[in-house]
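A.B. asks: Structure supplied as model_10.cif; contents: mmCIF, C-alpha atoms.
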```cif
data_coords
#
loop_
_atom_site.label_atom_id
_atom_site.label_comp_id
_atom_site.auth_asym_id
_atom_site.auth_seq_id
_atom_site.Cartn_x
_atom_site.Cartn_y
_atom_site.Cartn_z
CA MET A 1 -57.53 8.92 -6.57
CA ARG A 2 -55.32 6.61 -8.61
CA ARG A 3 -56.02 8.70 -11.74
CA ILE A 4 -55.07 11.91 -9.90
CA ASN A 5 -51.82 10.41 -8.61
CA SER A 6 -50.95 9.31 -12.14
CA GLN A 7 -51.51 12.85 -13.41
CA TYR A 8 -49.33 14.35 -10.67
CA ARG A 9 -46.52 11.95 -11.56
CA ALA A 10 -46.88 12.91 -15.22
CA ILE A 11 -46.61 16.64 -14.31
CA ILE A 12 -43.42 16.05 -12.30
CA TYR A 13 -41.97 13.99 -15.15
CA ILE A 14 -42.72 16.61 -17.79
CA ILE A 15 -41.25 19.51 -15.76
CA LEU A 16 -38.13 17.43 -15.17
CA SER A 17 -37.92 16.69 -18.88
CA ALA A 18 -38.26 20.44 -19.64
CA PHE A 19 -35.26 21.22 -17.44
CA CYS A 20 -33.21 18.38 -18.93
CA PHE A 21 -33.94 19.44 -22.51
CA ALA A 22 -33.09 23.07 -21.70
CA VAL A 23 -29.71 21.92 -20.36
CA MET A 24 -29.27 19.68 -23.40
CA ASN A 25 -29.90 22.63 -25.75
CA LEU A 26 -27.34 24.70 -23.84
CA PHE A 27 -24.68 22.00 -24.18
CA VAL A 28 -25.48 21.54 -27.87
CA ARG A 29 -25.16 25.27 -28.46
CA MET A 30 -21.86 25.44 -26.52
CA SER A 31 -20.38 22.49 -28.44
CA GLY A 32 -19.52 24.82 -31.31
CA ASP A 33 -19.59 24.48 -35.09
CA ILE A 34 -20.28 20.78 -35.54
CA PRO A 35 -22.73 19.28 -38.09
CA PRO A 36 -26.19 18.57 -36.57
CA PHE A 37 -25.91 14.91 -37.64
CA GLN A 38 -22.77 14.54 -35.54
CA LYS A 39 -24.40 16.25 -32.57
CA SER A 40 -27.44 14.00 -32.92
CA PHE A 41 -25.29 10.85 -32.90
CA PHE A 42 -23.56 11.71 -29.64
CA ARG A 43 -26.80 12.99 -28.12
CA ASN A 44 -28.43 9.59 -28.62
CA LEU A 45 -25.39 7.38 -28.00
CA VAL A 46 -25.53 8.05 -24.26
CA ALA A 47 -29.27 7.32 -24.25
CA VAL A 48 -28.68 3.94 -25.92
CA VAL A 49 -26.32 2.87 -23.12
CA PHE A 50 -28.57 4.08 -20.31
CA ALA A 51 -31.73 2.58 -21.82
CA ALA A 52 -29.97 -0.76 -22.35
CA VAL A 53 -28.80 -0.83 -18.71
CA VAL A 54 -32.33 -0.06 -17.49
CA LEU A 55 -33.86 -2.79 -19.65
CA VAL A 56 -31.32 -5.33 -18.38
CA LYS A 57 -32.03 -4.37 -14.76
CA GLN A 58 -35.77 -4.51 -15.35
CA LYS A 59 -35.35 -7.87 -17.08
CA SER A 60 -37.87 -6.57 -19.60
CA GLY A 61 -36.02 -7.76 -22.68
CA PHE A 62 -35.35 -5.82 -25.88
CA ARG A 63 -38.20 -7.34 -27.87
CA TRP A 64 -41.12 -4.99 -28.43
CA ASN A 65 -44.72 -5.98 -27.88
CA LYS A 66 -46.56 -7.59 -30.77
CA GLY A 67 -47.95 -5.08 -33.25
CA ASN A 68 -45.88 -2.12 -31.97
CA LEU A 69 -43.00 -2.20 -34.48
CA LYS A 70 -44.61 0.18 -36.98
CA TYR A 71 -45.30 2.76 -34.26
CA LEU A 72 -41.73 2.43 -32.94
CA LEU A 73 -40.36 2.97 -36.45
CA LEU A 74 -42.57 5.99 -37.03
CA ARG A 75 -41.69 7.46 -33.64
CA SER A 76 -37.98 6.89 -34.27
CA GLY A 77 -37.75 7.94 -37.93
CA ILE A 78 -39.76 11.16 -37.68
CA GLY A 79 -38.34 11.90 -34.23
CA THR A 80 -34.78 11.68 -35.58
CA ILE A 81 -35.60 14.18 -38.33
CA GLY A 82 -37.03 16.47 -35.66
CA ILE A 83 -33.82 16.28 -33.58
CA VAL A 84 -31.60 17.13 -36.55
CA CYS A 85 -33.80 20.12 -37.41
CA ASN A 86 -33.79 21.27 -33.79
CA PHE A 87 -30.00 21.03 -33.53
CA TYR A 88 -29.61 22.99 -36.76
CA ALA A 89 -31.86 25.73 -35.40
CA LEU A 90 -29.98 25.76 -32.08
CA SER A 91 -26.75 26.49 -33.93
CA HIS A 92 -28.18 29.54 -35.72
CA ILE A 93 -30.73 31.28 -33.48
CA PRO A 94 -30.84 32.30 -29.78
CA LEU A 95 -31.32 29.51 -27.25
CA SER A 96 -34.63 30.85 -25.91
CA ASP A 97 -36.06 31.32 -29.44
CA ALA A 98 -35.13 27.77 -30.42
CA SER A 99 -36.69 26.48 -27.20
CA ILE A 100 -40.00 28.30 -27.63
CA LEU A 101 -40.26 27.12 -31.22
CA ASN A 102 -39.61 23.60 -29.93
CA LYS A 103 -42.59 24.06 -27.62
CA MET A 104 -44.88 24.26 -30.62
CA SER A 105 -44.77 20.45 -30.63
CA PRO A 106 -47.69 20.04 -28.14
CA PHE A 107 -49.91 21.98 -30.56
CA PHE A 108 -48.87 19.61 -33.33
CA VAL A 109 -49.62 16.70 -30.97
CA ILE A 110 -53.22 17.99 -30.77
CA ILE A 111 -53.43 18.23 -34.57
CA PHE A 112 -51.99 14.76 -35.15
CA SER A 113 -54.13 13.32 -32.36
CA PHE A 114 -57.18 14.64 -34.21
CA PHE A 115 -56.21 13.02 -37.51
CA ILE A 116 -54.53 9.84 -36.23
CA LEU A 117 -56.15 9.06 -32.88
CA LYS A 118 -59.51 10.56 -33.88
CA GLU A 119 -59.58 12.64 -30.70
CA ARG A 120 -62.20 15.40 -30.83
CA LEU A 121 -60.89 18.85 -31.73
CA THR A 122 -63.10 21.71 -30.53
CA PHE A 123 -63.33 25.16 -32.06
CA LEU A 124 -61.41 26.66 -29.13
CA GLN A 125 -58.61 24.13 -29.47
CA GLY A 126 -58.37 24.79 -33.21
CA ALA A 127 -58.31 28.54 -32.64
CA ALA A 128 -55.58 28.14 -30.00
CA VAL A 129 -53.41 26.22 -32.49
CA VAL A 130 -53.81 28.97 -35.10
CA ILE A 131 -53.07 31.77 -32.62
CA ALA A 132 -50.04 29.86 -31.29
CA PHE A 133 -48.73 29.63 -34.85
CA VAL A 134 -49.14 33.41 -35.15
CA GLY A 135 -47.11 33.68 -31.95
CA SER A 136 -44.37 31.58 -33.53
CA LEU A 137 -44.17 34.12 -36.37
CA PHE A 138 -43.24 36.81 -33.83
CA VAL A 139 -40.33 34.61 -32.81
CA ILE A 140 -39.33 33.71 -36.37
CA LYS A 141 -39.85 37.29 -37.65
CA PRO A 142 -40.04 36.28 -41.32
CA SER A 143 -38.54 38.82 -43.72
CA PHE A 144 -35.91 38.99 -46.42
CA GLN A 145 -33.68 40.95 -44.04
CA ASN A 146 -33.86 38.40 -41.22
CA VAL A 147 -31.02 35.91 -41.68
CA ASP A 148 -32.52 33.72 -38.95
CA VAL A 149 -35.76 33.01 -40.82
CA ILE A 150 -34.53 29.82 -42.53
CA PRO A 151 -33.11 28.12 -39.42
CA SER A 152 -36.21 29.25 -37.50
CA ALA A 153 -38.48 27.68 -40.13
CA ILE A 154 -36.38 24.50 -40.02
CA GLY A 155 -36.76 24.50 -36.23
CA LEU A 156 -40.55 24.84 -36.59
CA PHE A 157 -40.60 21.90 -39.01
CA GLY A 158 -38.61 19.93 -36.43
CA ASP A 159 -41.33 20.73 -33.88
CA MET A 160 -43.94 19.33 -36.23
CA CYS A 161 -41.90 16.13 -36.47
CA ALA A 162 -41.64 16.01 -32.67
CA GLY A 163 -45.41 16.45 -32.37
CA PHE A 164 -45.95 13.44 -34.63
CA ALA A 165 -43.34 11.43 -32.72
CA TYR A 166 -44.98 12.16 -29.35
CA THR A 167 -48.32 11.10 -30.79
CA MET A 168 -46.70 7.75 -31.56
CA VAL A 169 -45.40 7.64 -27.97
CA ARG A 170 -48.96 8.12 -26.74
CA ILE A 171 -50.13 5.24 -28.95
CA LEU A 172 -47.31 3.04 -27.66
CA GLY A 173 -48.20 3.95 -24.07
CA ASN A 174 -51.81 2.95 -24.70
CA ARG A 175 -50.55 -0.32 -26.16
CA LYS A 176 -48.58 -1.02 -22.94
CA GLU A 177 -45.14 -0.74 -24.53
CA ASN A 178 -42.27 -0.45 -22.05
CA GLY A 179 -41.07 3.17 -21.77
CA SER A 180 -37.39 2.23 -21.54
CA ARG A 181 -37.79 0.08 -24.65
CA ILE A 182 -39.26 3.04 -26.53
CA VAL A 183 -36.25 5.17 -25.57
CA PHE A 184 -33.80 2.38 -26.47
CA PHE A 185 -35.40 1.74 -29.86
CA PHE A 186 -35.53 5.42 -30.75
CA SER A 187 -31.97 6.17 -29.61
CA THR A 188 -30.52 3.11 -31.37
CA PHE A 189 -32.41 3.92 -34.57
CA SER A 190 -31.20 7.52 -34.46
CA CYS A 191 -27.55 6.54 -33.91
CA LEU A 192 -27.60 4.00 -36.75
CA SER A 193 -29.24 6.45 -39.15
CA MET A 194 -26.59 9.07 -38.35
CA LEU A 195 -23.64 6.70 -38.93
CA PRO A 196 -23.32 7.28 -42.72
CA PHE A 197 -23.18 11.06 -42.21
CA LEU A 198 -20.68 10.58 -39.38
CA ILE A 199 -18.42 8.38 -41.53
CA PHE A 200 -18.36 10.57 -44.62
CA ASP A 201 -18.49 14.01 -43.00
CA TYR A 202 -16.88 13.65 -39.57
CA HIS A 203 -15.53 16.87 -38.06
CA PRO A 204 -12.66 16.42 -35.56
CA MET A 205 -13.59 17.67 -32.10
CA ALA A 206 -11.60 19.18 -29.24
CA TRP A 207 -11.85 17.54 -25.82
CA TRP A 208 -14.20 20.23 -24.53
CA GLN A 209 -16.54 19.69 -27.49
CA ILE A 210 -16.69 15.99 -26.69
CA LEU A 211 -17.52 16.83 -23.08
CA MET A 212 -20.27 19.21 -24.20
CA LEU A 213 -21.86 16.57 -26.42
CA LEU A 214 -21.59 13.89 -23.75
CA GLY A 215 -23.23 16.33 -21.32
CA ALA A 216 -25.95 16.94 -23.92
CA GLY A 217 -26.40 13.18 -24.20
CA LEU A 218 -26.78 12.78 -20.43
CA ALA A 219 -29.29 15.62 -20.23
CA ALA A 220 -31.17 14.29 -23.26
CA THR A 221 -31.34 10.84 -21.68
CA GLY A 222 -32.94 12.28 -18.56
CA GLY A 223 -35.33 14.31 -20.70
CA GLN A 224 -36.22 11.37 -22.94
CA PHE A 225 -36.98 9.02 -20.06
CA SER A 226 -38.97 11.73 -18.29
CA ILE A 227 -41.11 12.80 -21.23
CA THR A 228 -41.76 9.19 -22.25
CA ALA A 229 -42.93 8.46 -18.70
CA ALA A 230 -45.06 11.62 -18.71
CA TYR A 231 -46.95 10.78 -21.90
CA CYS A 232 -47.38 7.18 -20.76
CA HIS A 233 -48.98 8.34 -17.47
CA ALA A 234 -51.42 10.94 -18.83
CA PRO A 235 -52.87 12.32 -22.09
CA ALA A 236 -51.03 15.21 -23.71
CA ARG A 237 -54.01 17.55 -23.26
CA GLU A 238 -53.72 17.24 -19.46
CA ILE A 239 -50.00 17.85 -19.01
CA SER A 240 -48.56 19.58 -22.09
CA VAL A 241 -48.81 23.07 -20.56
CA TYR A 242 -46.15 22.20 -17.97
CA ASP A 243 -43.68 21.49 -20.76
CA TYR A 244 -43.52 25.27 -21.30
CA SER A 245 -41.45 25.60 -18.15
CA GLN A 246 -38.56 24.88 -20.52
CA ILE A 247 -38.87 28.47 -21.79
CA ILE A 248 -38.09 29.77 -18.31
CA PHE A 249 -35.13 27.41 -17.97
CA ALA A 250 -33.84 28.21 -21.48
CA THR A 251 -34.12 31.98 -21.07
CA LEU A 252 -32.26 31.90 -17.74
CA LEU A 253 -29.54 29.61 -19.11
CA GLY A 254 -29.21 31.75 -22.25
CA VAL A 255 -28.76 34.93 -20.22
CA LEU A 256 -26.39 33.37 -17.67
CA PHE A 257 -24.13 31.38 -19.98
CA LEU A 258 -24.52 32.91 -23.46
CA GLY A 259 -25.44 36.52 -22.73
CA GLU A 260 -28.53 36.24 -24.97
CA VAL A 261 -31.45 38.54 -24.21
CA PRO A 262 -34.58 37.99 -26.38
CA ASP A 263 -35.95 41.02 -28.24
CA ILE A 264 -39.42 42.45 -27.71
CA TYR A 265 -40.95 40.56 -30.65
CA SER A 266 -39.68 37.27 -29.28
CA PHE A 267 -41.18 38.06 -25.87
CA ILE A 268 -44.53 38.83 -27.55
CA GLY A 269 -44.33 35.46 -29.28
CA TYR A 270 -43.49 33.72 -25.99
CA ILE A 271 -46.50 35.30 -24.28
CA ILE A 272 -48.89 34.37 -27.11
CA ILE A 273 -47.73 30.74 -27.31
CA VAL A 274 -47.69 30.18 -23.55
CA ALA A 275 -51.07 31.92 -23.15
CA MET A 276 -52.60 29.57 -25.72
CA ALA A 277 -51.07 26.60 -23.92
CA VAL A 278 -52.59 27.71 -20.61
CA LEU A 279 -55.94 28.35 -22.31
CA MET A 280 -56.02 24.82 -23.72
CA PHE A 281 -54.95 23.35 -20.41
CA LEU A 282 -57.80 25.07 -18.56
CA TYR A 283 -60.31 24.19 -21.25
CA ASN A 284 -59.28 20.53 -21.51
CA ASN A 285 -59.45 20.10 -17.75
CA HIS A 286 -62.88 21.80 -17.48
CA LYS A 287 -61.94 24.61 -15.17
CA PRO A 288 -64.79 26.91 -13.98
CA PRO A 289 -64.11 29.80 -16.43
CA PHE A 290 -65.02 27.51 -19.34
CA ARG A 291 -67.98 25.60 -17.98
CA ARG A 292 -70.36 28.14 -19.42
CA LEU A 293 -69.00 27.79 -22.95
#
```
Do you think you could lay out the structure here as structure tokens?

C.D. replies:
Amino acid sequence: MRRINSQYRAIIYIILSAFCFAVMNLFVRMSGDIPPFQKSFFRNLVAVVFAAVVLVKQKSGFRWNKGNLKYLLLRSGIGTIGIVCNFYALSHIPLSDASILNKMSPFFVIIFSFFILKERLTFLQGAAVVIAFVGSLFVIKPSFQNVDVIPSAIGLFGDMCAGFAYTMVRILGNRKENGSRIVFFFSTFSCLSMLPFLIFDYHPMAWWQILMLLGAGLAATGGQFSITAAYCHAPAREISVYDYSQIIFATLLGVLFLGEVPDIYSFIGYIIIVAMAVLMFLYNNHKPPFRRL
């Protein structure tokens, strides 16, 4: 019963994080033509403050558990690269396309979990990863005529970085690292690494752009705390499918606030990727349709 309750909490956390990240992407997109490094700095600055306040209230301290520093550095360094790539993609392709490409990260989590955590990868899981990648090509639509192919590819690379970063979060969760400390370390690392770019290539912002980025930071903070809690409560294979609710949120927000309607190829890609996510979820949780396999 305790294991089931933990899984339910993880599902709630990951759906909440999906909504928060969809709102964050909307704010980032509406902030205008600002370098992704600058957007990343403000996105994480709010998270630093909130995480610090939580750690002080918890009286947990800012010192990480022994042996966890290398995993925190890997999570933070690769995760920061992923954020910059994601923000670049958000500035150049439709909101829903950027969001579905971002949802390739759970598939990369499975790949990295196989190589790093030595978790078993079945034929069906491997096939699902390959088919999901094919689905991403429908969204990217690679061709010499498609001006969005480069930012889409950069966004996909950012998803790979996120998949690696979330694998590190899973390791840290297994090693009993405090979730708020993970968020604080990552956000602080990201802000500090963005400072040189901010100093030498700062773009003045209007008041509404500042508000948009602060809003993105608040939404990102909620998403970061939620997804960290989710992966600390349950393995990725049990909950990752619920992260795809972000596509619903992103599509609705894109239509309502940006007037963006995905084309037919993008919808085909959405269906393929989400279908593979559902397939893996059912398989990993041993639902009846797969017991005979």

A.B. asks: How many Å separate atom CA of A:Ser6 from atom CA of A:Thr167?

C.D. replies: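 Between atom CA of A:Ser6 and atom CA of A:Thr167 the gap works out to 18.9 Å.
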
A.B. asks: Taking the point (-37.8, 37.8, -29.3) as given in the file, collect each protein or nucleic acid residue that comes within 12 Å of it, counting all atoms listed in the file, and present the set as number ranges by chain.

C.D. replies: A: 93-101, 135-141, 148, 152, 251, 260-272

A.B. asks: Please produce an output containing C-alpha atoms for each residue in the selection, written as a PDB file, in the frame of the given file.

C.D. replies:
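The file below, selection_38.pdb, is the result:
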```pdb
ATOM      1  CA  ILE A  93     -30.730  31.280 -33.480  1.00  0.00           C
ATOM      2  CA  PRO A  94     -30.840  32.300 -29.780  1.00  0.00           C
ATOM      3  CA  LEU A  95     -31.320  29.510 -27.250  1.00  0.00           C
ATOM      4  CA  SER A  96     -34.630  30.850 -25.910  1.00  0.00           C
ATOM      5  CA  ASP A  97     -36.060  31.320 -29.440  1.00  0.00           C
ATOM      6  CA  ALA A  98     -35.130  27.770 -30.420  1.00  0.00           C
ATOM      7  CA  SER A  99     -36.690  26.480 -27.200  1.00  0.00           C
ATOM      8  CA  ILE A 100     -40.000  28.300 -27.630  1.00  0.00           C
ATOM      9  CA  LEU A 101     -40.260  27.120 -31.220  1.00  0.00           C
ATOM     10  CA  GLY A 135     -47.110  33.680 -31.950  1.00  0.00           C
ATOM     11  CA  SER A 136     -44.370  31.580 -33.530  1.00  0.00           C
ATOM     12  CA  LEU A 137     -44.170  34.120 -36.370  1.00  0.00           C
ATOM     13  CA  PHE A 138     -43.240  36.810 -33.830  1.00  0.00           C
ATOM     14  CA  VAL A 139     -40.330  34.610 -32.810  1.00  0.00           C
ATOM     15  CA  ILE A 140     -39.330  33.710 -36.370  1.00  0.00           C
ATOM     16  CA  LYS A 141     -39.850  37.290 -37.650  1.00  0.00           C
ATOM     17  CA  ASP A 148     -32.520  33.720 -38.950  1.00  0.00           C
ATOM     18  CA  SER A 152     -36.210  29.250 -37.500  1.00  0.00           C
ATOM     19  CA  THR A 251     -34.120  31.980 -21.070  1.00  0.00           C
ATOM     20  CA  GLU A 260     -28.530  36.240 -24.970  1.00  0.00           C
ATOM     21  CA  VAL A 261     -31.450  38.540 -24.210  1.00  0.00           C
ATOM     22  CA  PRO A 262     -34.580  37.990 -26.380  1.00  0.00           C
ATOM     23  CA  ASP A 263     -35.950  41.020 -28.240  1.00  0.00           C
ATOM     24  CA  ILE A 264     -39.420  42.450 -27.710  1.00  0.00           C
ATOM     25  CA  TYR A 265     -40.950  40.560 -30.650  1.00  0.00           C
ATOM     26  CA  SER A 266     -39.680  37.270 -29.280  1.00  0.00           C
ATOM     27  CA  PHE A 267     -41.180  38.060 -25.870  1.00  0.00           C
ATOM     28  CA  ILE A 268     -44.530  38.830 -27.550  1.00  0.00           C
ATOM     29  CA  GLY A 269     -44.330  35.460 -29.280  1.00  0.00           C
ATOM     30  CA  TYR A 270     -43.490  33.720 -25.990  1.00  0.00           C
ATOM     31  CA  ILE A 271     -46.500  35.300 -24.280  1.00  0.00           C
ATOM     32  CA  ILE A 272     -48.890  34.370 -27.110  1.00  0.00           C
TER      33      ILE A 272
END
```

A.B. asks: Using only C-alpha atoms, which residue out of A:Val54, A:Ala165, A:Leu16, A:Val84 lies closest to A:Phe184?

C.D. replies: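 Among the listed residues, the smallest separation from A:Phe184 belongs to A:Val54.
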
A.B. asks: Which centre and edge lengths in Å to one decimal define the box along x, y and z that fits every listed atom of stretch 160-174 of chain A plus 8 Å per side, as lines of an AutoDock Vina configuration file?

C.D. replies:
```
center_x = -46.7
center_y = 11.1
center_z = -30.3
size_x = 26.2
size_y = 32.4
size_z = 28.4
```

A.B. asks: Return the single residue from A:Phe164, A:Phe41, A:Phe50, A:Tyr283 that is closest to A:Ser105, with distances computed using only C-alpha atoms.

C.D. replies: A:Phe164

A.B. asks: Within 7 Å of A:Phe27, counting all atoms listed in the file, which residues show up once you throw out same-chain ones fewer than 2 positions away? Write them as an MDAnalysis selection string, please.

C.D. replies: chainID A and resid 23:25 29:31 212:213 215:216

A.B. asks: Could you expand the PyMOL selection byres ((chain A and resi 42) around 10) into the explicit residues it covers here, written as a list in words?

C.D. replies: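 Applying the PyMOL selection byres ((chain A and resi 42) around 10) to the structure shown produces Phe37, Gln38, Lys39, Ser40, Phe41, Arg43, Asn44, Leu45, Val46, Ala47, Ser190, Cys191, Met194, Ile210, Met212, Leu213, Leu214, Gly215, Ala216, Gly217 and Leu218 of chain A.
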
A.B. asks: What gap, in Å, lies between atom CA of A:Ala250 and atom CA of A:Cys20?

C.D. replies: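 Going from atom CA of A:Ala250 over to atom CA of A:Cys20, I get 10.2 Å.
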